[in-house]
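Worksheet for the structure shown next.
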Amino acid sequence: MRKAMNEGLIAKEKWWEWVEDKKDRVFLTERAKSRYGKWFPREVKVVKNGKEILLPPGEEVYRYFWTGEKWKIEEGEISASSAFLFSLPCEARAIIEVTDKIFLNNPIDKNYWLRRKSLSLGIMACLQPEPTCFCSSVGGGPFWRDEGALFLVPREDDIYIQGEGELFSFSEGVEEKIKEEIQALQKKAESVLPSLLPSYFPQELYRYFEDEEWNELSWHCINCGACTFLCPTCYCFDLNVEGKLKGFQLRSWDSCMFPKFTLHASFHNPRPTGKERVRQRVMHKFSYFPEREGNFACVGCGVCVEKCPVNWDIREAIERMVEKIDRFRT
Amino acid sequence: MKNNWEPKIVAFLCHWCSYAGADLAGISRIQYPPNIRVIRVPCSGAVNPLYILKALREGADGVLVSGCHPGDCHYLSGNYFARRKFFILHELLQWVGIEKDRVQFSWVSASEGQKFSQVVEETVEKVKKLGPAKKLVKEFTFHV
Amino acid sequence: MFEKEIRRKSEELLETKTVDMVIGYTSGSLPFQARPVLISSPEDTEQLVWNHFSSPNLARYLLPYRDSSKKIALLAKGCDARAVMVLIQEKQFPRERVHIIGLPCPGMISKTKLEKELGEIKEEDFSFEKDTFLWQGKKWEIFPFLEDTCSRCRYPNPPLYDELIGEKREPWGSSSTDYLEKINGQSEEERWQFWEEEFSRCIRCYACRNACPLCYCKECFAESDLPRWVSGVPTLSDNLFFHLGRSMHLAGRCVECGACERACPEEIKIGLLPLKVEMIIKNNFSFEAGLSLEEDAPLLTYRETDPGEFIK
């Protein structure tokens, strides 16, 4: 049974009291800081996105050493104290609808789980999407919210908060006028975003696996790892053991764009050139993952589009494929 | 505690001259500090700049590269190329902020056992003054 | 600015089958950005653009065609042409198969600097000339808005070309050492702090390496397993190892195009390291890469009088 949703307005002073008290345990994403930085103390830690906390760029999985008679293995320690992450809806959605599904399903990744269960999410509504955003095309939206997270809409002198649980107690409800105001803000934000991808896209895209369009689309990509490392949903990692008689196993970020990503022990590489890798990235996010899990593995945040050194645009790639599919679909 | 610290210095010695020079120092029973770990290479020109960086990464407090005198290289010109390469590397490391005396170079010939021991003494003294290496040493725990 | 001539010339080259394809720039999907494009038919040459935002180094796009037999026309700025020259010298690409359309470079403008100074901007409100632009009725000098890599450029004119479109120009930068001295002149501790801060941001995405026309090893040392030089984790020491190692591998080959710095998503001043190496080589061995096809690479030659005081 769904818990009752608490909603109300928090005055600026009460908010500051609450956040000052917790400021050592509060994380803010870069984008949330650029929009709502004035609502948080300066000492709050800034991260690129949730991935940096839950799946850090490098961590020890286990340590080992030779005792003289046998190998001893110790699991790496995870220090995870309870914390808050305030982010935009796309970044929170990346955690809840993509990485959680990968790391908290069979098998459960212990390190991720330890960090995740002590992390509470706060979604700050996106009032002004960037020109590179397309969250509503992939199932999200600028006012997307989830049961498991707080939802905040900062206003002039107060914040509208919606969330379950006892973090904030509201004595009165919210006036209709304010609810309408918030709905109007939502409509305004949604109006600048491109429209939804057709529901048949995941299955149909797979039929165009061998299409020549991929040659043209992938030509100018330089196959660095910038998009994958900055993407809040990309979760691929590499495991390496370092050391001889004593050492450790490291988990670090890996990218499907790197040439050794699919190098087999036989030295055969099924994705030898950039074309196969670019195709793989689009297919994974828009066909394989949605077929398995029900939603796209892309949250439309647009960071990859903003930061790509050669302006490779994933929106163009999917637009061209949608066009092709629509042209030949019966 | 700090007074007991002894630096660990990785020494790349070219087989034909410097390594033989070190050998001669040993045979002549010349005493010199035991801080160096010798790695024998065929020629100072065969020392890849990456070896030096790797030694610093793995925790070496100092690196010494030693080869034949210019003109005496067994492979004729290996040490000339080494001279150019290491000049560039040394300037680059200094510019980035790595202490000048962490990485040192010398020409020691096969008959210069005495000189070799002096070179090692000088190297160890300079590195001792700098203290343990911290800047390029690898670290791993990476928690946010 | 010469876009029509470029399109006409490319069309001509394709129609007469002098070349099989043209590699140039086309407008990007975001304002103030251009992207590399491959044109194989004369009708498509309308897509070509040439402006202050055409910043990726196109010589890098010759590399996939090393083993093919196609003849390629390349739109090359000063630095791009130098890179092509080094590729030719290193026998990575035959001179006969590349047709260089030289374009004296007006300098690439940094979108970040424009936004910082002028606030929210729209591309339609701008009108760019060679060294100035018009915005909101006022004429602005381009120099303060140039990318750092371009404000220190000393060779905007291609040293090698099959034809030149545009007028040769004076370089913006007089001597790159002024730029480096700002960091050089400080104390060792200050320099270290500067680099520590820069490289803590590095996520080791290798955008710098992949954007560089001269990083063409089939297996980069950073991705090697046997031997394993660096781990995959972007710790400060591994990041420094990678960047110092890369700068040493580019010694005597880097053409100071700055594509690495412009590619970096974290806006780290990556280009300063290979630049420092090139300055060391210029000041001590009197060599600059990519200016002449006859000169030997500095690490393949030596002189009896090379500096050697640092050796005991």
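Chain labels A, B, ... are given in the sequence in which chains occur in the structure tokens; within each chain residues are numbered consecutively from 1, and ligands are likewise numbered from 1 in the order shown.
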
List the neighbours of segment 306-311 of chain C out to 8 Å using only C-alpha atoms; skip same-chain residues closer than 3 positions along the sequence, and give me the result as a PDB file with C-alpha atoms, in the first residue's frame.
ATOM      1  CA  ARG B  83      71.377  12.529 -23.372  1.00  0.00           C
ATOM      2  CA  ARG B  84      68.767  14.293 -25.479  1.00  0.00           C
ATOM      3  CA  PHE B  87      67.480  16.396 -20.895  1.00  0.00           C
ATOM      4  CA  GLN B 104      69.845  11.989 -11.571  1.00  0.00           C
ATOM      5  CA  PHE B 105      72.154  10.961 -14.376  1.00  0.00           C
ATOM      6  CA  SER B 106      75.819  10.137 -14.718  1.00  0.00           C
ATOM      7  CA  TRP B 107      78.466   8.833 -17.078  1.00  0.00           C
TER       8      TRP B 107
ATOM      9  CA  ASN C 284      67.957  23.706 -27.045  1.00  0.00           C
ATOM     10  CA  PHE C 285      67.887  21.780 -30.294  1.00  0.00           C
ATOM     11  CA  TYR C 302      72.177  14.154 -31.866  1.00  0.00           C
ATOM     12  CA  ARG C 303      74.988  16.639 -31.704  1.00  0.00           C
TER      13      ARG C 303
END

Check: Do you know which residues are at most 12 Å from Ala82 of chain B counting only C-alpha atoms, after dropping those on the same chain fewer than 6 positions away, and could you put them as number ranges by chain?
Finding: B: 14, 43-49, 65-70, 73, 75-76, 88-90, 105-107; C: 298-303, 306-308, 311

Based on only C-alpha atoms, which of the residues in chain A come within 9 Å of chain C? I want them as a short mmCIF file (atom, residue, chain, number, x, y, z; two decimals) with N, CA and C atoms, in the first residue's frame.
data_model
loop_
_atom_site.label_atom_id
_atom_site.label_comp_id
_atom_site.auth_asym_id
_atom_site.auth_seq_id
_atom_site.Cartn_x
_atom_site.Cartn_y
_atom_site.Cartn_z
N PRO A 57 34.89 6.29 -9.52
CA PRO A 57 35.79 5.99 -10.63
C PRO A 57 36.81 4.90 -10.29
N GLY A 58 37.06 4.68 -9.00
CA GLY A 58 37.98 3.61 -8.65
C GLY A 58 37.69 3.16 -7.23
N GLU A 59 37.68 1.87 -7.00
CA GLU A 59 37.54 1.40 -5.62
C GLU A 59 38.19 0.03 -5.49
N PRO A 131 19.26 23.83 -23.83
CA PRO A 131 18.99 23.49 -25.24
C PRO A 131 19.41 22.07 -25.60
N THR A 132 20.28 21.45 -24.76
CA THR A 132 20.71 20.09 -25.08
C THR A 132 19.87 19.03 -24.38
N GLU A 216 27.81 6.36 -41.68
CA GLU A 216 27.83 7.82 -41.74
C GLU A 216 27.74 8.44 -40.35
N TRP A 219 31.07 8.24 -38.32
CA TRP A 219 32.33 8.64 -38.94
C TRP A 219 33.16 9.60 -38.10
N HIS A 220 32.52 10.68 -37.58
CA HIS A 220 33.38 11.68 -36.97
C HIS A 220 33.59 11.49 -35.47
N ILE A 222 35.43 10.32 -32.30
CA ILE A 222 36.84 9.98 -32.15
C ILE A 222 37.08 8.85 -31.14
N ASN A 223 35.98 8.26 -30.65
CA ASN A 223 36.11 7.10 -29.75
C ASN A 223 36.93 7.37 -28.51
N CYS A 224 36.75 8.53 -27.91
CA CYS A 224 37.35 8.74 -26.60
C CYS A 224 36.32 8.21 -25.60
N GLY A 225 36.46 8.47 -24.34
CA GLY A 225 35.48 7.94 -23.39
C GLY A 225 34.71 9.04 -22.70
N ALA A 226 34.77 10.25 -23.26
CA ALA A 226 34.18 11.39 -22.53
C ALA A 226 32.68 11.19 -22.30
N CYS A 227 31.95 10.80 -23.35
CA CYS A 227 30.49 10.66 -23.18
C CYS A 227 30.17 9.60 -22.15
N THR A 228 30.86 8.45 -22.21
CA THR A 228 30.54 7.37 -21.28
C THR A 228 30.90 7.72 -19.85
N PHE A 229 32.01 8.43 -19.63
CA PHE A 229 32.40 8.74 -18.27
C PHE A 229 31.53 9.84 -17.67
N LEU A 230 31.05 10.75 -18.51
CA LEU A 230 30.24 11.83 -17.96
C LEU A 230 28.76 11.45 -17.89
N ASP A 238 35.65 -2.11 -15.14
CA ASP A 238 36.73 -3.04 -15.42
C ASP A 238 37.29 -3.52 -14.09
N LEU A 239 37.71 -4.77 -14.03
CA LEU A 239 38.30 -5.29 -12.80
C LEU A 239 39.73 -5.67 -13.08
N ASN A 240 40.66 -5.22 -12.26
CA ASN A 240 42.05 -5.54 -12.48
C ASN A 240 42.72 -5.85 -11.16
N GLU A 242 46.16 -5.84 -9.07
CA GLU A 242 47.51 -5.28 -9.11
C GLU A 242 48.30 -5.83 -7.94
N LEU A 250 41.10 -3.90 -8.18
CA LEU A 250 40.52 -2.58 -8.35
C LEU A 250 39.35 -2.66 -9.29
N ARG A 251 38.32 -1.90 -8.99
CA ARG A 251 37.24 -1.75 -9.97
C ARG A 251 37.33 -0.32 -10.47
N SER A 252 37.37 -0.15 -11.77
CA SER A 252 37.46 1.21 -12.31
C SER A 252 36.48 1.33 -13.48
N TRP A 253 36.18 2.57 -13.85
CA TRP A 253 35.26 2.80 -14.96
C TRP A 253 35.88 2.31 -16.26
N ASP A 254 35.06 1.75 -17.10
CA ASP A 254 35.51 1.33 -18.42
C ASP A 254 34.55 1.94 -19.42
N SER A 255 34.97 1.99 -20.68
CA SER A 255 34.11 2.60 -21.68
C SER A 255 34.02 1.72 -22.90
N PHE A 258 36.43 2.33 -25.79
CA PHE A 258 37.85 1.98 -25.82
C PHE A 258 38.06 0.72 -26.65
N PRO A 259 39.17 0.64 -27.38
CA PRO A 259 39.37 -0.50 -28.28
C PRO A 259 39.45 -1.84 -27.57
N LYS A 260 39.90 -1.85 -26.30
CA LYS A 260 40.07 -3.14 -25.65
C LYS A 260 38.83 -3.61 -24.92
N VAL A 305 26.14 15.48 -25.18
CA VAL A 305 26.05 16.39 -26.32
C VAL A 305 26.85 17.65 -26.05
N GLU A 306 26.73 18.14 -24.79
CA GLU A 306 27.44 19.37 -24.43
C GLU A 306 28.94 19.20 -24.48
N LYS A 307 29.43 18.02 -24.02
CA LYS A 307 30.87 17.89 -23.81
C LYS A 307 31.61 17.18 -24.92
N CYS A 308 30.91 16.63 -25.91
CA CYS A 308 31.63 15.89 -26.93
C CYS A 308 32.57 16.82 -27.68
N PRO A 309 33.84 16.46 -27.79
CA PRO A 309 34.80 17.36 -28.46
C PRO A 309 34.50 17.58 -29.94
N VAL A 310 33.81 16.64 -30.58
CA VAL A 310 33.55 16.82 -32.01
C VAL A 310 32.06 16.93 -32.29
N ASN A 311 31.28 17.24 -31.26
CA ASN A 311 29.87 17.49 -31.45
C ASN A 311 29.15 16.29 -32.06
N TRP A 312 29.42 15.10 -31.52
CA TRP A 312 28.63 13.94 -31.93
C TRP A 312 27.36 14.01 -31.11
N ASP A 313 26.22 13.97 -31.76
CA ASP A 313 24.96 14.25 -31.08
C ASP A 313 24.07 13.02 -31.09
N GLU A 316 20.65 13.41 -32.75
CA GLU A 316 20.60 13.29 -34.21
C GLU A 316 20.59 11.84 -34.62
#

Note to self: Report, in Å to a single decimal, how far apart atom CA of Leu28 of chain A and atom CA of Lys122 of chain C are.
What the structure shows: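 So the two atoms, atom CA of Lys122 of chain C and atom CA of Leu28 of chain A, lie 29.5 Å apart.
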
Check: Using only C-alpha atoms, which residues sit within 12 Å of Gln128 of chain A once same-chain residues fewer than 3 positions away are excluded, as a ChimeraX atom specification?
Finding: /A:31-32,34-36,88,124-125,131-133,141-143,185-193

Notebook entry, point to check: Pick from C:Glu295, C:Glu288, C:Glu181, C:Asp162: nearest to chain B, with only C-alpha atoms counted?
Noted result: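 Ranking C:Glu295, C:Glu288, C:Glu181, C:Asp162 by distance to chain B, first place goes to C:Glu181.
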
Item checked: Selected residue of minimal separation from chain B among A:Lys23, A:Arg281, A:Lys38, A:Arg63, counting only C-alpha atoms ->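 Result for the nearest residue to chain B: A:Arg63.
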
Check: Counting only C-alpha atoms, what is within 7 Å of Ser287 of chain A, bar same-chain residues fewer than 2 positions away, as a PyMOL selection string?
Finding: chain A and resi 202-203+205-206+283-285+289-291

Filtering to N, CA and C atoms, could you give me those residues as a PDB file, in the first residue's frame?
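selection.pdb was written with the following content:
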ATOM      1  N   PRO A 202      12.379   0.626 -29.602  1.00  0.00           N
ATOM      2  CA  PRO A 202      13.372  -0.390 -29.235  1.00  0.00           C
ATOM      3  C   PRO A 202      13.377  -1.614 -30.147  1.00  0.00           C
ATOM      4  N   GLN A 203      12.192  -2.168 -30.455  1.00  0.00           N
ATOM      5  CA  GLN A 203      12.219  -3.378 -31.289  1.00  0.00           C
ATOM      6  C   GLN A 203      12.637  -3.052 -32.711  1.00  0.00           C
ATOM      7  N   LEU A 205      14.435  -0.588 -33.862  1.00  0.00           N
ATOM      8  CA  LEU A 205      15.821  -0.167 -34.029  1.00  0.00           C
ATOM      9  C   LEU A 205      16.715  -1.378 -34.243  1.00  0.00           C
ATOM     10  N   TYR A 206      16.403  -2.454 -33.564  1.00  0.00           N
ATOM     11  CA  TYR A 206      17.251  -3.632 -33.669  1.00  0.00           C
ATOM     12  C   TYR A 206      17.275  -4.188 -35.082  1.00  0.00           C
ATOM     13  N   MET A 283      22.469   1.256 -29.506  1.00  0.00           N
ATOM     14  CA  MET A 283      21.618   0.073 -29.368  1.00  0.00           C
ATOM     15  C   MET A 283      21.398  -0.274 -27.910  1.00  0.00           C
ATOM     16  N   HIS A 284      22.461  -0.240 -27.112  1.00  0.00           N
ATOM     17  CA  HIS A 284      22.314  -0.586 -25.700  1.00  0.00           C
ATOM     18  C   HIS A 284      21.326   0.333 -25.033  1.00  0.00           C
ATOM     19  N   LYS A 285      21.475   1.630 -25.259  1.00  0.00           N
ATOM     20  CA  LYS A 285      20.630   2.591 -24.547  1.00  0.00           C
ATOM     21  C   LYS A 285      19.198   2.611 -25.058  1.00  0.00           C
ATOM     22  N   PHE A 289      18.576  -2.433 -23.577  1.00  0.00           N
ATOM     23  CA  PHE A 289      18.168  -2.179 -22.197  1.00  0.00           C
ATOM     24  C   PHE A 289      16.653  -2.006 -22.075  1.00  0.00           C
ATOM     25  N   PRO A 290      16.013  -1.186 -22.953  1.00  0.00           N
ATOM     26  CA  PRO A 290      14.562  -1.041 -22.810  1.00  0.00           C
ATOM     27  C   PRO A 290      13.802  -2.343 -23.037  1.00  0.00           C
ATOM     28  N   GLU A 291      14.328  -3.218 -23.917  1.00  0.00           N
ATOM     29  CA  GLU A 291      13.620  -4.475 -24.154  1.00  0.00           C
ATOM     30  C   GLU A 291      13.630  -5.334 -22.906  1.00  0.00           C
TER      31      GLU A 291
END

Note to self: Could you work out which residues of chain C fall inside 7 Å of chain B? Count only C-alpha atoms, and format the result as a list in words.
What the structure shows: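 Result: Asn184, Glu188, Glu189, Arg191, Trp192, Trp195, Trp229, Thr235, Ser237, Asp238, Phe241, Gly245, Val277, Ile280, Leu299, Tyr302, Gly308, Ile311 and Lys312 of chain C.
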
Notebook entry, point to check: Within 12 Å of chain B, which residues of chain A show up when using only C-alpha atoms, listed as JSON, numbers by chain?
Noted result: {"A": [25, 26, 27, 45, 46, 47, 48, 50, 51, 52, 53, 54, 55, 56, 57, 58, 59, 60, 61, 62, 63, 76, 77, 78, 79, 80, 81, 83, 111, 115, 242, 243, 247, 248, 249, 250, 251, 252]}

Residue subset to file, keeping C-alpha atoms, as a compact mmCIF listing (two decimals), in the first residue's frame:
# COMPACT_ATOMS: atom_id res chain seq x y z
CA ARG A 25 26.37 14.94 4.68
CA VAL A 26 24.85 16.76 1.75
CA PHE A 27 26.00 16.33 -1.82
CA LYS A 45 30.30 18.88 -1.57
CA VAL A 46 29.73 19.05 -5.31
CA VAL A 47 29.75 15.91 -7.47
CA LYS A 48 29.29 15.51 -11.19
CA GLY A 50 25.13 10.28 -8.61
CA LYS A 51 27.47 7.83 -10.28
CA GLU A 52 30.46 9.47 -8.64
CA ILE A 53 29.10 8.50 -5.22
CA LEU A 54 27.49 5.15 -5.90
CA LEU A 55 29.95 3.79 -8.43
CA PRO A 56 33.15 5.77 -7.88
CA PRO A 57 35.79 5.99 -10.63
CA GLY A 58 37.98 3.61 -8.65
CA GLU A 59 37.54 1.40 -5.62
CA GLU A 60 39.20 -1.55 -3.97
CA VAL A 61 37.15 -4.69 -4.16
CA TYR A 62 39.42 -6.86 -2.08
CA ARG A 63 42.97 -7.03 -0.79
CA GLY A 76 37.59 -3.74 0.85
CA GLU A 77 35.91 -1.52 3.37
CA ILE A 78 33.16 0.75 2.28
CA SER A 79 32.60 3.79 4.41
CA ALA A 80 29.03 4.78 3.79
CA SER A 81 27.40 7.07 6.29
CA ALA A 83 23.90 11.22 3.17
CA ASN A 111 29.48 -2.10 -2.59
CA ARG A 115 26.29 3.12 -0.54
CA GLU A 242 47.51 -5.28 -9.11
CA GLY A 243 50.38 -6.64 -7.11
CA GLY A 247 47.96 -6.55 -3.75
CA PHE A 248 44.36 -5.79 -4.40
CA GLN A 249 41.64 -5.92 -6.98
CA LEU A 250 40.52 -2.58 -8.35
CA ARG A 251 37.24 -1.75 -9.97
CA SER A 252 37.46 1.21 -12.31

Checklist line | Leu63 of chain C environment, 8 Å, only C-alpha atoms, sequence neighbours closer than 2 positions dropped, as an MDAnalysis selection string | finding: chainID C and resid 59:61 65:66 92:93 213 216

Check: DSSP says helix (DSSP H, G or I) for which residues of segment 29-128 of chain B? Put them as a ChimeraX atom specification?
Finding: /B:44-46,49-57,78-96,100-102,113-128

Kindly save the residues from that selection, with C-alpha atoms included, as an mmCIF file, in the first residue's frame.
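As written to disk, again18.cif reads:
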data_model
loop_
_atom_site.group_PDB
_atom_site.id
_atom_site.type_symbol
_atom_site.label_atom_id
_atom_site.label_comp_id
_atom_site.auth_asym_id
_atom_site.auth_seq_id
_atom_site.Cartn_x
_atom_site.Cartn_y
_atom_site.Cartn_z
ATOM 1 C CA SER B 44 71.481 3.991 -21.358
ATOM 2 C CA GLY B 45 69.681 4.715 -24.628
ATOM 3 C CA ALA B 46 67.463 1.717 -23.948
ATOM 4 C CA PRO B 49 61.383 7.526 -19.974
ATOM 5 C CA LEU B 50 58.421 5.471 -18.831
ATOM 6 C CA TYR B 51 60.732 3.312 -16.718
ATOM 7 C CA ILE B 52 61.762 6.350 -14.715
ATOM 8 C CA LEU B 53 58.165 7.452 -14.233
ATOM 9 C CA LYS B 54 57.189 3.907 -13.276
ATOM 10 C CA ALA B 55 59.948 3.721 -10.678
ATOM 11 C CA LEU B 56 58.690 6.962 -9.139
ATOM 12 C CA ARG B 57 55.128 5.681 -9.271
ATOM 13 C CA GLY B 78 72.913 5.110 -27.724
ATOM 14 C CA ASN B 79 74.098 7.432 -25.018
ATOM 15 C CA TYR B 80 73.843 10.470 -27.301
ATOM 16 C CA PHE B 81 70.154 9.803 -27.808
ATOM 17 C CA ALA B 82 69.839 9.134 -24.097
ATOM 18 C CA ARG B 83 71.377 12.529 -23.372
ATOM 19 C CA ARG B 84 68.767 14.293 -25.479
ATOM 20 C CA LYS B 85 65.870 12.268 -24.122
ATOM 21 C CA PHE B 86 66.816 12.708 -20.504
ATOM 22 C CA PHE B 87 67.480 16.396 -20.895
ATOM 23 C CA ILE B 88 63.908 16.820 -22.055
ATOM 24 C CA LEU B 89 62.507 14.539 -19.352
ATOM 25 C CA HIS B 90 64.469 16.239 -16.597
ATOM 26 C CA GLU B 91 63.355 19.722 -17.656
ATOM 27 C CA LEU B 92 59.758 18.561 -17.963
ATOM 28 C CA LEU B 93 59.718 16.963 -14.523
ATOM 29 C CA GLN B 94 61.209 20.051 -12.942
ATOM 30 C CA TRP B 95 58.643 22.225 -14.652
ATOM 31 C CA VAL B 96 55.781 20.120 -13.341
ATOM 32 C CA LYS B 100 65.327 18.376 -9.426
ATOM 33 C CA ASP B 101 67.345 15.853 -7.452
ATOM 34 C CA ARG B 102 64.863 12.990 -7.544
ATOM 35 C CA GLY B 113 84.828 2.025 -9.718
ATOM 36 C CA GLN B 114 85.785 4.920 -7.456
ATOM 37 C CA LYS B 115 83.703 7.361 -9.434
ATOM 38 C CA PHE B 116 80.716 5.044 -9.247
ATOM 39 C CA SER B 117 80.833 4.956 -5.487
ATOM 40 C CA GLN B 118 81.121 8.741 -5.412
ATOM 41 C CA VAL B 119 78.150 9.076 -7.732
ATOM 42 C CA VAL B 120 76.056 6.840 -5.493
ATOM 43 C CA GLU B 121 77.094 8.745 -2.385
ATOM 44 C CA GLU B 122 76.193 12.046 -3.965
ATOM 45 C CA THR B 123 72.867 10.738 -5.214
ATOM 46 C CA VAL B 124 71.894 9.287 -1.849
ATOM 47 C CA GLU B 125 72.884 12.462 -0.044
ATOM 48 C CA LYS B 126 70.801 14.658 -2.333
ATOM 49 C CA VAL B 127 67.764 12.390 -2.142
ATOM 50 C CA LYS B 128 68.021 12.147 1.649
#

Note to self: If we count only C-alpha atoms and set the cut-off at 10 Å, which residues sit around segment 125-127 of chain C, ignoring sequence neighbours fewer than 6 positions away in its own chain? Please answer as a PyMOL selection string.
What the structure shows: chain C and resi 133-137+139

Next item on the list: Apply DSSP to the backbone of this structure and, from chain B, keep only the residues in strand (DSSP E); write these as a PyMOL selection string.
Entry: chain B and resi 9-14+36-41+62-67+103-107

Margin query: Taking 3 positions as the minimum chain separation for residues in the same chain, which residues sit within 8 Å of segment 97-114 of chain C when counting only C-alpha atoms? Answer as number ranges by chain.
Written below: C: 19, 32, 52-55, 69-78, 81, 93-94, 117-119, 130-131, 142, 145-147, 150-151, 156-158, 160-169

Check: Pick the closest to Arg82 of chain C from C:Lys4, C:Arg253, C:Lys182, C:Lys276: which is it, counting only C-alpha atoms?
Finding: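 Among the listed residues, the smallest separation from Arg82 of chain C belongs to C:Arg253.
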
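Among C:Thr45, C:His249, C:Glu196, C:Val22, the residue with the shortest atom-to-atom distance to Glu3 of chain C, counting only C-alpha atoms, is C:Thr45.
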
Check: In Å, how far is it from atom CA of Pro154 of chain A to atom CA of Arg93 of chain A?
Finding: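 That distance, rounded to one decimal, is 19.2 Å.
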